[in-house]
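Structure file coords-v4.tsv (TSV, C-alpha atoms) is printed below.
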chain	number	residue	atom	x	y	z
A	238	MET	CA	91.06	24.62	-14.68
A	239	THR	CA	92.26	23.88	-18.23
A	240	ASP	CA	90.04	23.50	-21.27
A	241	ASN	CA	90.13	19.74	-20.68
A	242	LYS	CA	87.51	19.01	-18.05
A	243	GLU	CA	88.24	16.56	-15.26
A	244	ARG	CA	86.53	13.23	-15.81
A	245	ALA	CA	84.44	12.40	-12.75
A	246	PHE	CA	82.87	9.09	-11.78
A	247	LEU	CA	79.99	9.16	-9.28
A	248	LEU	CA	79.41	6.59	-6.52
A	249	GLY	CA	76.34	6.25	-4.33
A	250	VAL	CA	74.78	4.02	-1.69
A	251	ASN	CA	70.99	3.69	-1.64
A	252	LEU	CA	69.89	3.31	1.98
A	253	ASN	CA	66.27	2.48	1.07
A	254	ASP	CA	65.81	6.10	-0.01
A	255	GLY	CA	63.68	5.26	-3.07
A	256	GLU	CA	63.09	8.17	-5.43
A	257	ASN	CA	65.01	10.51	-3.14
A	258	PHE	CA	68.17	8.54	-3.90
A	259	GLU	CA	67.74	8.95	-7.67
A	260	ARG	CA	67.18	12.68	-7.22
A	261	SER	CA	70.18	12.93	-4.91
A	262	MET	CA	72.40	11.26	-7.52
A	263	GLN	CA	71.07	13.60	-10.21
A	264	GLU	CA	71.83	16.53	-7.93
A	265	LEU	CA	75.35	15.16	-7.37
A	266	LYS	CA	75.81	15.13	-11.16
A	267	SER	CA	74.65	18.76	-11.32
A	268	LEU	CA	77.09	19.69	-8.55
A	269	ALA	CA	79.97	18.04	-10.42
A	270	GLU	CA	79.01	19.87	-13.61
A	271	ALA	CA	78.81	23.12	-11.64
A	272	CYS	CA	82.44	22.39	-10.71
A	273	GLN	CA	83.32	22.19	-14.43
A	274	MET	CA	83.68	18.40	-14.42
A	275	GLU	CA	82.57	15.93	-17.07
A	276	VAL	CA	80.58	13.08	-15.49
A	277	MET	CA	81.56	9.86	-17.30
A	278	GLY	CA	79.30	7.49	-15.37
A	279	GLN	CA	78.15	6.25	-12.01
A	280	MET	CA	77.98	3.12	-9.85
A	281	THR	CA	75.46	2.59	-7.05
A	282	GLN	CA	74.77	-0.08	-4.44
A	283	ASN	CA	71.79	-0.92	-2.24
A	284	LEU	CA	72.80	-1.34	1.41
A	285	ALA	CA	71.00	-1.26	4.76
A	286	LYS	CA	73.83	0.95	6.06
A	287	PRO	CA	77.16	2.18	4.66
A	288	HIS	CA	80.16	-0.14	4.96
A	289	ASN	CA	82.13	1.00	8.02
A	290	ALA	CA	85.54	0.87	6.38
A	291	LEU	CA	84.87	1.58	2.70
A	292	TYR	CA	81.37	3.15	2.52
A	293	MET	CA	80.55	0.67	-0.29
A	294	GLY	CA	81.02	-3.11	-0.02
A	295	ARG	CA	84.42	-4.65	-0.80
A	296	GLY	CA	83.00	-6.50	-3.79
A	297	LYS	CA	81.60	-3.28	-5.26
A	298	ILE	CA	84.93	-1.51	-4.75
A	299	GLY	CA	86.56	-4.41	-6.62
A	300	GLU	CA	84.10	-3.91	-9.49
A	301	LEU	CA	84.99	-0.23	-9.49
A	302	GLN	CA	88.70	-1.02	-9.77
A	303	ASP	CA	88.05	-3.28	-12.79
A	304	LEU	CA	85.89	-0.63	-14.43
A	305	LEU	CA	88.44	2.12	-13.90
A	306	GLU	CA	91.08	0.02	-15.65
A	307	GLN	CA	88.90	0.09	-18.77
A	308	GLU	CA	87.68	3.70	-18.39
A	309	PRO	CA	90.11	5.79	-16.34
A	310	ALA	CA	88.72	8.69	-14.31
A	311	ASP	CA	90.44	11.76	-12.88
A	312	VAL	CA	88.35	11.99	-9.72
A	313	LEU	CA	85.84	9.87	-7.79
A	314	ILE	CA	82.86	11.56	-6.13
A	315	PHE	CA	80.81	9.90	-3.36
A	316	ASP	CA	77.20	10.89	-2.68
A	317	ARG	CA	77.52	11.43	1.08
A	318	SER	CA	80.15	12.67	3.52
A	319	LEU	CA	82.88	10.10	4.10
A	320	THR	CA	84.39	9.49	7.52
A	321	PRO	CA	88.14	10.11	7.91
A	322	SER	CA	88.83	6.35	8.00
A	323	GLN	CA	86.66	5.66	4.94
A	324	LEU	CA	88.47	8.37	3.00
A	325	ARG	CA	91.88	7.04	4.04
A	326	ASN	CA	91.00	3.42	3.18
A	327	LEU	CA	89.48	4.30	-0.19
A	328	GLN	CA	92.48	6.40	-1.21
A	329	ASN	CA	94.85	3.62	-0.25
A	330	ILE	CA	92.92	1.14	-2.42
A	331	LEU	CA	91.91	3.28	-5.40
A	332	ASP	CA	94.90	5.66	-5.59
A	333	LEU	CA	92.78	8.45	-7.08
A	334	PRO	CA	91.63	11.86	-5.82
A	335	ILE	CA	88.38	11.38	-3.91
A	336	LEU	CA	85.70	13.94	-3.17
A	337	ASP	CA	82.55	13.43	-1.16
A	338	ARG	CA	79.41	15.52	-1.45
A	339	THR	CA	80.56	17.95	1.25
A	340	THR	CA	83.99	18.49	-0.32
A	341	LEU	CA	82.37	19.06	-3.72
A	342	ILE	CA	80.00	21.72	-2.36
A	343	LEU	CA	82.90	23.37	-0.52
A	344	GLU	CA	84.88	23.43	-3.78
A	345	ILE	CA	81.99	25.11	-5.62
A	346	PHE	CA	81.66	27.70	-2.85
A	347	SER	CA	85.41	28.29	-2.98
A	348	ARG	CA	85.28	28.99	-6.72
A	349	ARG	CA	82.21	31.24	-6.53
A	350	ALA	CA	83.15	33.36	-3.50
A	351	GLN	CA	83.65	36.96	-4.62
A	352	THR	CA	83.84	39.13	-1.50
A	353	ARG	CA	86.47	38.89	1.21
A	354	GLU	CA	83.83	37.80	3.72
A	355	ALA	CA	82.60	34.95	1.51
A	356	ARG	CA	86.16	33.77	0.84
A	357	LEU	CA	86.95	33.76	4.57
A	358	GLN	CA	83.72	31.89	5.33
A	359	VAL	CA	84.45	29.21	2.74
A	360	GLU	CA	88.07	28.83	3.87
A	361	SER	CA	86.91	28.40	7.47
A	362	ALA	CA	84.39	25.72	6.50
A	363	LYS	CA	86.96	23.87	4.37
A	364	LEU	CA	89.55	23.82	7.15
A	365	GLN	CA	86.96	22.57	9.68
A	366	TYR	CA	86.18	19.69	7.35
A	367	ILE	CA	89.77	18.93	6.37
A	368	LEU	CA	91.30	18.87	9.87
A	369	PRO	CA	89.95	15.46	11.05
A	370	ARG	CA	90.58	14.01	7.55
A	371	LEU	CA	94.14	15.25	7.26
A	372	THR	CA	95.72	11.80	7.41
A	373	GLY	CA	93.60	10.50	4.55
A	374	MET	CA	94.34	13.55	2.44
A	375	HIS	CA	98.12	13.16	2.78
A	376	LYS	CA	98.77	10.39	0.30
A	377	ALA	CA	102.31	11.67	-0.08
A	378	LEU	CA	103.18	11.09	3.57
A	379	SER	CA	103.92	7.40	3.09
A	380	ARG	CA	106.53	8.30	0.44
A	381	GLN	CA	108.37	10.91	2.48
A	382	GLY	CA	111.88	10.43	3.79
A	383	GLY	CA	112.95	8.06	1.03
A	384	GLY	CA	113.22	5.19	3.47
A	385	SER	CA	110.91	2.69	5.07
A	386	GLY	CA	109.63	1.57	8.42
A	387	LEU	CA	109.90	3.79	11.47
A	388	ALA	CA	112.07	6.47	9.90
A	389	ASN	CA	109.58	6.99	7.10
A	390	ARG	CA	106.59	6.97	9.44
A	391	GLY	CA	108.26	9.51	11.72
A	392	ALA	CA	108.79	11.96	8.86
A	393	GLY	CA	105.17	11.59	7.87
A	394	GLU	CA	103.95	12.14	11.41
A	395	LYS	CA	106.05	15.29	11.76
A	396	LYS	CA	104.67	16.65	8.50
A	397	LEU	CA	101.14	15.79	9.59
A	398	GLU	CA	101.58	17.50	12.97
A	399	LEU	CA	103.01	20.63	11.34
A	400	ASP	CA	100.08	20.81	8.93
A	401	ARG	CA	97.62	20.29	11.78
A	402	ARG	CA	99.16	23.15	13.74
A	403	ARG	CA	99.13	25.43	10.70
A	404	ILE	CA	95.45	24.67	10.09
A	405	GLU	CA	94.51	25.25	13.73
A	406	LYS	CA	96.40	28.56	13.73
A	407	ARG	CA	94.72	29.65	10.50
A	408	MET	CA	91.29	28.66	11.83
A	409	ALA	CA	91.86	30.84	14.90
A	410	GLU	CA	92.83	33.77	12.63
A	411	LEU	CA	89.72	33.24	10.51
A	412	ARG	CA	87.47	33.11	13.58
A	413	ARG	CA	88.81	36.46	14.78
A	414	GLU	CA	88.39	38.09	11.37
A	415	LEU	CA	84.89	36.66	10.83
A	416	ASP	CA	83.85	37.74	14.33
A	417	ARG	CA	84.96	41.28	13.47
A	418	ILE	CA	82.98	41.23	10.19
A	419	SER	CA	79.99	39.70	12.00
A	420	THR	CA	80.04	42.58	14.51
A	421	GLU	CA	80.05	45.08	11.63
A	422	ARG	CA	77.13	43.25	9.98
A	423	GLU	CA	75.21	43.27	13.25
A	424	THR	CA	75.73	47.03	13.55
A	425	GLN	CA	74.44	47.52	10.00
A	426	ARG	CA	71.42	45.31	10.69
A	427	ARG	CA	70.64	47.20	13.90
A	428	LYS	CA	70.69	50.52	12.01
A	429	ARG	CA	68.37	49.10	9.35
A	430	GLY	CA	66.08	47.81	12.09
A	431	GLN	CA	65.98	51.24	13.74
A	432	SER	CA	64.95	52.83	10.43
A	433	GLY	CA	61.51	51.26	10.76
A	434	ILE	CA	61.66	50.03	7.14
A	435	PRO	CA	60.34	46.45	6.91
A	436	ARG	CA	62.93	43.80	6.07
A	437	VAL	CA	62.09	41.06	3.58
A	438	ALA	CA	64.49	38.17	2.86
A	439	LEU	CA	64.59	35.88	-0.15
A	440	VAL	CA	65.33	32.31	0.90
A	441	GLY	CA	65.14	28.96	-0.84
A	442	TYR	CA	66.88	26.16	-2.64
A	443	THR	CA	69.83	27.02	-4.87
A	444	ASN	CA	68.85	27.95	-8.43
A	445	ALA	CA	65.16	28.49	-7.56
A	446	GLY	CA	65.30	32.06	-8.89
A	447	LYS	CA	65.91	34.28	-5.83
A	448	SER	CA	68.38	36.58	-7.59
A	449	THR	CA	66.12	36.79	-10.65
A	450	LEU	CA	63.23	37.84	-8.41
A	451	MET	CA	65.34	40.56	-6.74
A	452	ASN	CA	66.43	41.90	-10.13
A	453	ARG	CA	62.85	41.95	-11.43
A	454	MET	CA	61.76	43.87	-8.32
A	455	LEU	CA	64.52	46.42	-8.94
A	456	GLU	CA	63.57	46.73	-12.61
A	457	THR	CA	59.86	47.09	-11.85
A	458	TYR	CA	60.07	49.66	-9.09
A	459	MET	CA	63.49	51.34	-9.18
A	460	ARG	CA	64.22	51.46	-12.94
A	461	ASN	CA	67.85	50.99	-12.01
A	462	ASP	CA	70.22	48.30	-13.27
A	463	ALA	CA	73.10	49.41	-11.03
A	464	GLY	CA	71.86	47.47	-8.02
A	465	LYS	CA	71.27	44.18	-9.83
A	466	VAL	CA	72.83	40.93	-8.63
A	467	LEU	CA	74.28	38.05	-10.68
A	468	GLU	CA	71.49	36.02	-12.24
A	469	LYS	CA	72.53	32.70	-13.78
A	470	ASP	CA	71.03	29.23	-14.31
A	471	MET	CA	73.48	27.32	-12.13
A	472	LEU	CA	73.82	25.96	-8.60
A	473	PHE	CA	75.14	28.52	-6.08
A	474	ALA	CA	75.55	31.31	-8.66
A	475	THR	CA	75.69	33.86	-5.83
A	476	LEU	CA	77.06	33.44	-2.30
A	477	ASP	CA	77.11	37.00	-1.02
A	478	THR	CA	74.10	38.45	0.75
A	479	THR	CA	72.87	41.62	-0.97
A	480	VAL	CA	70.44	44.12	0.57
A	481	ARG	CA	68.55	46.62	-1.61
A	482	ARG	CA	66.13	49.40	-0.66
A	483	ILE	CA	63.04	49.23	-2.87
A	484	GLN	CA	60.23	51.75	-3.09
A	485	ALA	CA	57.15	50.09	-4.63
A	486	GLY	CA	54.95	53.19	-4.21
A	487	PRO	CA	53.85	55.73	-1.59
A	488	GLU	CA	54.13	54.20	1.89
A	489	ARG	CA	55.59	51.05	0.29
A	490	VAL	CA	59.29	51.00	1.05
A	491	PHE	CA	61.09	47.79	2.06
A	492	LEU	CA	64.58	46.33	2.32
A	493	LEU	CA	65.01	43.18	0.23
A	494	SER	CA	67.90	40.79	0.94
A	495	ASP	CA	69.10	37.97	-1.31
A	496	THR	CA	70.78	35.16	0.67
A	497	VAL	CA	72.87	32.13	-0.27
A	498	GLY	CA	70.82	29.20	-1.53
A	499	PHE	CA	70.28	25.97	0.39
A	500	ILE	CA	70.73	22.39	-0.79
A	501	HIS	CA	70.13	18.86	0.50
A	502	GLN	CA	72.93	17.91	2.94
A	503	LEU	CA	74.33	21.44	2.99
A	504	PRO	CA	77.57	21.02	4.98
A	505	ALA	CA	77.11	21.99	8.63
A	506	GLY	CA	80.43	23.82	8.52
A	507	LEU	CA	79.14	26.04	5.72
A	508	VAL	CA	75.94	26.85	7.60
A	509	LYS	CA	78.05	27.74	10.63
A	510	ALA	CA	80.59	29.77	8.63
A	511	PHE	CA	77.88	31.66	6.73
A	512	ARG	CA	75.80	32.23	9.83
A	513	SER	CA	76.42	35.97	10.02
A	514	THR	CA	75.42	36.27	6.36
A	515	LEU	CA	72.33	34.12	6.85
A	516	ASP	CA	71.34	36.22	9.86
A	517	GLU	CA	69.76	38.56	7.30
A	518	ALA	CA	67.03	35.91	7.05
A	519	ARG	CA	66.84	35.42	10.82
A	520	GLU	CA	66.34	39.16	11.39
A	521	ALA	CA	63.74	39.62	8.62
A	522	ASP	CA	60.12	40.64	9.20
A	523	LEU	CA	58.99	38.45	6.31
A	524	LEU	CA	60.50	35.61	4.28
A	525	LEU	CA	59.83	34.97	0.61
A	526	LEU	CA	60.52	31.24	0.27
A	527	VAL	CA	61.24	30.82	-3.44
A	528	LEU	CA	60.57	27.43	-5.03
A	529	ASP	CA	61.13	26.16	-8.57
A	530	ASP	CA	57.60	25.10	-9.49
A	531	SER	CA	58.86	23.38	-12.65
A	532	ASP	CA	61.10	21.03	-10.64
A	533	GLU	CA	59.41	17.75	-9.70
A	534	ASP	CA	61.51	17.73	-6.52
A	535	HIS	CA	60.29	21.11	-5.23
A	536	ILE	CA	58.35	19.55	-2.31
A	537	ARG	CA	61.54	18.03	-0.91
A	538	GLN	CA	63.39	21.26	-1.61
A	539	LYS	CA	60.76	23.13	0.40
A	540	GLN	CA	61.31	20.72	3.31
A	541	VAL	CA	65.10	21.16	3.13
A	542	THR	CA	64.73	24.96	3.14
A	543	GLU	CA	62.32	24.95	6.09
A	544	GLU	CA	64.58	22.61	8.08
A	545	THR	CA	67.61	24.84	7.42
A	546	LEU	CA	65.63	27.92	8.47
A	547	LYS	CA	64.73	26.19	11.74
A	548	GLU	CA	68.43	25.43	12.34
A	549	LEU	CA	69.16	29.13	11.85
A	550	GLY	CA	66.44	30.16	14.31
A	551	ALA	CA	64.27	31.61	11.53
A	552	GLY	CA	61.54	28.97	11.62
A	553	ASP	CA	58.88	31.24	13.18
A	554	ILE	CA	59.15	34.20	10.78
A	555	PRO	CA	56.06	34.78	8.56
A	556	VAL	CA	56.47	33.23	5.10
A	557	ILE	CA	55.04	33.74	1.62
A	558	TYR	CA	55.65	30.79	-0.68
A	559	VAL	CA	56.74	31.99	-4.12
A	560	TYR	CA	56.29	29.23	-6.70
A	561	ASN	CA	58.62	30.60	-9.34
A	562	LYS	CA	59.03	29.35	-12.94
A	563	ALA	CA	55.34	28.39	-12.90
A	564	ASP	CA	55.14	29.50	-16.54
A	565	LEU	CA	57.15	26.38	-17.47
A	566	ARG	CA	54.37	24.23	-15.99
A	567	LEU	CA	51.17	26.28	-16.38
A	568	GLY	CA	51.96	28.63	-19.24
A	569	GLU	CA	52.46	32.41	-19.13
A	570	GLU	CA	48.77	33.18	-19.74
A	571	GLU	CA	47.79	31.35	-16.52
A	572	LEU	CA	49.89	33.62	-14.29
A	573	PRO	CA	49.86	34.90	-11.68
A	574	ARG	CA	47.81	32.68	-9.39
A	575	VAL	CA	47.37	33.54	-5.71
A	576	ARG	CA	46.29	30.84	-3.25
A	577	GLY	CA	46.39	32.05	0.35
A	578	ASP	CA	50.06	32.43	1.30
A	579	ARG	CA	51.20	31.01	-2.07
A	580	ILE	CA	51.74	32.74	-5.38
A	581	TYR	CA	52.48	31.04	-8.69
A	582	MET	CA	54.47	33.42	-10.88
A	583	SER	CA	57.44	33.97	-13.17
A	584	ALA	CA	60.31	36.11	-11.93
A	585	ARG	CA	61.92	35.88	-15.37
A	586	SER	CA	59.04	37.62	-17.14
A	587	GLY	CA	57.85	39.63	-14.13
A	588	ALA	CA	54.37	38.07	-14.19
A	589	GLY	CA	53.15	38.32	-10.60
A	590	ILE	CA	55.45	41.05	-9.24
A	591	PRO	CA	52.61	43.51	-8.40
A	592	GLU	CA	50.51	40.75	-6.84
A	593	LEU	CA	53.45	39.51	-4.77
A	594	THR	CA	54.09	43.06	-3.54
A	595	ASP	CA	50.43	43.37	-2.49
A	596	MET	CA	50.73	40.07	-0.60
A	597	MET	CA	53.91	41.26	1.12
A	598	PHE	CA	52.45	44.49	2.46
A	599	ALA	CA	49.18	42.83	3.46
A	600	ARG	CA	51.17	40.25	5.43
A	601	LEU	CA	53.50	42.85	6.94
A	602	LYS	CA	50.53	44.94	8.06
A	603	LYS	CA	48.90	41.89	9.60
A	604	THR	CA	52.05	40.91	11.52
A	605	GLY	CA	53.02	44.45	12.47
A	606	GLY	CA	56.13	44.51	10.29
A	607	ALA	CA	55.02	47.39	8.08
A	608	GLY	CA	55.99	50.13	10.48
Once more with this new file: its structure as structure tokens, please.
Amino acid sequence: MTDNKERAFLLGVNLNDGENFERSMQELKSLAEACQMEVMGQMTQNLAKPHNALYMGRGKIGELQDLLEQEPADVLIFDRSLTPSQLRNLQNILDLPILDRTTLILEIFSRRAQTREARLQVESAKLQYILPRLTGMHKALSRQGGGSGLANRGAGEKKLELDRRRIEKRMAELRRELDRISTERETQRRKRGQSGIPRVALVGYTNAGKSTLMNRMLETYMRNDAGKVLEKDMLFATLDTTVRRIQAGPERVFLLSDTVGFIHQLPAGLVKAFRSTLDEAREADLLLLVLDDSDEDHIRQKQVTEETLKELGAGDIPVIYVYNKADLRLGEEELPRVRGDRIYMSARSGAGIPELTDMMFARLKKTGGAG
């Protein structure tokens, strides 16, 4: 990326989603900004269902063309996943780079991946998504060969077939490498399980404060900055699962894992590619489901997280609901508050860390996870 940010224009279809649609569009804006883009505006349309060929109606696409003549954009971003035919048709009409929500999230993951495993996982998910959309992504094919008609089409088809074969070959290589890493992870998890030390996993929506909570736990109990993870106010700041051994006192040792954050419409390919990483949550004795209490949308975010956990086979693991950033809503002096399996706290300031730890070990003892 250069210093000049790409100018992005957002497009969305409201399928009678009400407030959820407005929040989804705001989230799309945040995702674009997380990808270092400048959002110059948006256009939305109310439809009973997406247009089969163009996602939005033909009239609305015409309006978009007129608007883009007055205010040119570098990239167009659609609020949902586009079908291969929709992508192909839109690129033919608009002649601009087009991203959908899935591609945008994949791009963010690609930029943030630090470890070899994360990079392989993201590449695998991207290739799975690209393969059926290859034709629409090859705008240059129609210009190949310098001729027209059948000769030109033949050159394009050969190029397309070569690219398809390369992608399929690379996907097979990635599967083998990820299977090998997954086996290593499974061996590590089995050893940790045999240690008898309870396993606690941080899960939740992206940017809810999971990494901040892990760091505050390390500061409080271990007095050690070496094991800290990246802590930043942005979507998907960390992708790599981190496991830390924490001793909170005599007879109070636990393994705490920080996993990749979830988001509404998290691409299925990413969930599948990151499955071995997310297995840290599936194998945990206790989940700390971290929510941003200051976000008006935290109820929906809780639902998204719980649905994703069910998909991963982690829906039956005991949960403590950590309402983080509660100081922004209640004030620091009101914290912490404990209500059954919920705690309202501030990971940033550390208000509630001892109380959360008490809740954890009480719950682990009750469920038999504390040795």
ask   = Excluding same-chain residues fewer than 6 positions from Arg566 of chain A, what lies within 12 Å of it counting only C-alpha atoms, as a PyMOL selection string?
value = chain A and resi 529-533+560+572+581-583
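Atom CA of Leu399 of chain A sits 22.4 Å away from atom CA of Pro334 of chain A.
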message = If I take atom CA of Arg260 of chain A and atom CA of Asp516 of chain A, how far is one from the other in Å, to one decimal?
response = 29.4 Å
query = Which is closest to Asn444 of chain A among A:Gln538, A:Thr352, A:Ser361, A:Gln425, if we use only C-alpha atoms?
reply = A:Gln538
task = Find the residues near Leu371 of chain A: any atom within 10 Å, counting only C-alpha atoms, skip ones fewer than 5 places away on the same chain, and give them as number ranges by chain.
result = A: 321, 324-325, 364, 366, 376, 397-398, 400-401, 404
task = Find the residue from A:Leu593, A:Ala245, A:Ile418, A:Ala521 that sits nearest to Arg574 of chain A; use only C-alpha atoms when measuring.
result = A:Leu593
key: Residue contacts of Leu525 of chain A (7 Å, all atoms listed in the file) excluding same-chain residues fewer than 4 positions away, as number ranges by chain   = A: 438-440, 556-559
Keeping C-alpha atoms, export the residues of the selection given above as a PDB file, in the frame of the given file.
ATOM      1  CA  ALA A 438      64.490  38.170   2.860  1.00  0.00           C
ATOM      2  CA  LEU A 439      64.590  35.880  -0.150  1.00  0.00           C
ATOM      3  CA  VAL A 440      65.330  32.310   0.900  1.00  0.00           C
ATOM      4  CA  VAL A 556      56.470  33.230   5.100  1.00  0.00           C
ATOM      5  CA  ILE A 557      55.040  33.740   1.620  1.00  0.00           C
ATOM      6  CA  TYR A 558      55.650  30.790  -0.680  1.00  0.00           C
ATOM      7  CA  VAL A 559      56.740  31.990  -4.120  1.00  0.00           C
TER       8      VAL A 559
END
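Compared by their closest atoms to Glu488 of chain A, and using only C-alpha atoms, the residues A:Ile345, A:Ile434, A:Met277, A:Leu528 rank with A:Ile434 nearest.
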key: Near-segment 291-296 of chain A list (12 Å; only C-alpha atoms; drop same-chain fewer than 2 positions) as a ChimeraX atom specification   = /A:248-252,280-289,298-303,315-331,337
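If you measure from each of A:Val359, A:Ala518, A:Ile335, A:Ile367 to Arg426 of chain A using only C-alpha atoms, the closest one turns out to be A:Ala518.
Among the candidates A:Phe258, A:Phe246, A:Phe473, A:Phe598, the residue lying nearest to Ile500 of chain A is A:Phe473 (atoms considered: only C-alpha atoms).
Computed from the coordinates, the atom CA of Leu333 of chain A to atom CA of Gln307 of chain A distance equals 14.9 Å.
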With 3 Å on each side, where is the centre of the axis-aligned box around all listed atoms of segment 336-351 of chain A, and how long are its edges in Å to one decimal, as JSON?
{"center_x": 82.6, "center_y": 25.2, "center_z": -2.7, "size_x": 12.3, "size_y": 29.5, "size_z": 14.0}
key: Residue contacts of Arg407 of chain A (12 Å, all atoms listed in the file) excluding same-chain residues fewer than 3 positions away, as an MDAnalysis selection string   = chainID A and resid 357 360:365 368 400:404 410:414
Kindly save the residues from that selection, with C-alpha atoms included, as an mmCIF file, keeping the file's coordinate frame.
data_model
loop_
_atom_site.group_PDB
_atom_site.id
_atom_site.type_symbol
_atom_site.label_atom_id
_atom_site.label_comp_id
_atom_site.auth_asym_id
_atom_site.auth_seq_id
_atom_site.Cartn_x
_atom_site.Cartn_y
_atom_site.Cartn_z
ATOM 1 C CA LEU A 357 86.950 33.760 4.570
ATOM 2 C CA GLU A 360 88.070 28.830 3.870
ATOM 3 C CA SER A 361 86.910 28.400 7.470
ATOM 4 C CA ALA A 362 84.390 25.720 6.500
ATOM 5 C CA LYS A 363 86.960 23.870 4.370
ATOM 6 C CA LEU A 364 89.550 23.820 7.150
ATOM 7 C CA GLN A 365 86.960 22.570 9.680
ATOM 8 C CA LEU A 368 91.300 18.870 9.870
ATOM 9 C CA ASP A 400 100.080 20.810 8.930
ATOM 10 C CA ARG A 401 97.620 20.290 11.780
ATOM 11 C CA ARG A 402 99.160 23.150 13.740
ATOM 12 C CA ARG A 403 99.130 25.430 10.700
ATOM 13 C CA ILE A 404 95.450 24.670 10.090
ATOM 14 C CA GLU A 410 92.830 33.770 12.630
ATOM 15 C CA LEU A 411 89.720 33.240 10.510
ATOM 16 C CA ARG A 412 87.470 33.110 13.580
ATOM 17 C CA ARG A 413 88.810 36.460 14.780
ATOM 18 C CA GLU A 414 88.390 38.090 11.370
#
message = Within 12 Å of (63.1, 43.3, -16.4) (file coordinates; all atoms listed in the file), which protein or nucleic acid residues are there? I'd like them as a PyMOL selection string.
response = chain A and resi 449-462+465+468+583-588+590
inquiry  = Here is a test: counting only C-alpha atoms, which residue of A:Asp495, A:Asp564, A:Glu306, A:Glu243 is nearest to Leu515 of chain A?
reply    = A:Asp495
task = Would you be able to write out as a list in words which residues have an atom within 9 Å of (73.3, 28.0, 7.6) in the file's coordinates, counting all atoms listed in the file?
result = Val497, Phe499, Leu503, Pro504, Ala505, Gly506, Leu507, Val508, Lys509, Ala510, Phe511, Arg512, Ser513, Thr514, Leu515, Asp516, Thr545, Leu546, Glu548 and Leu549 of chain A
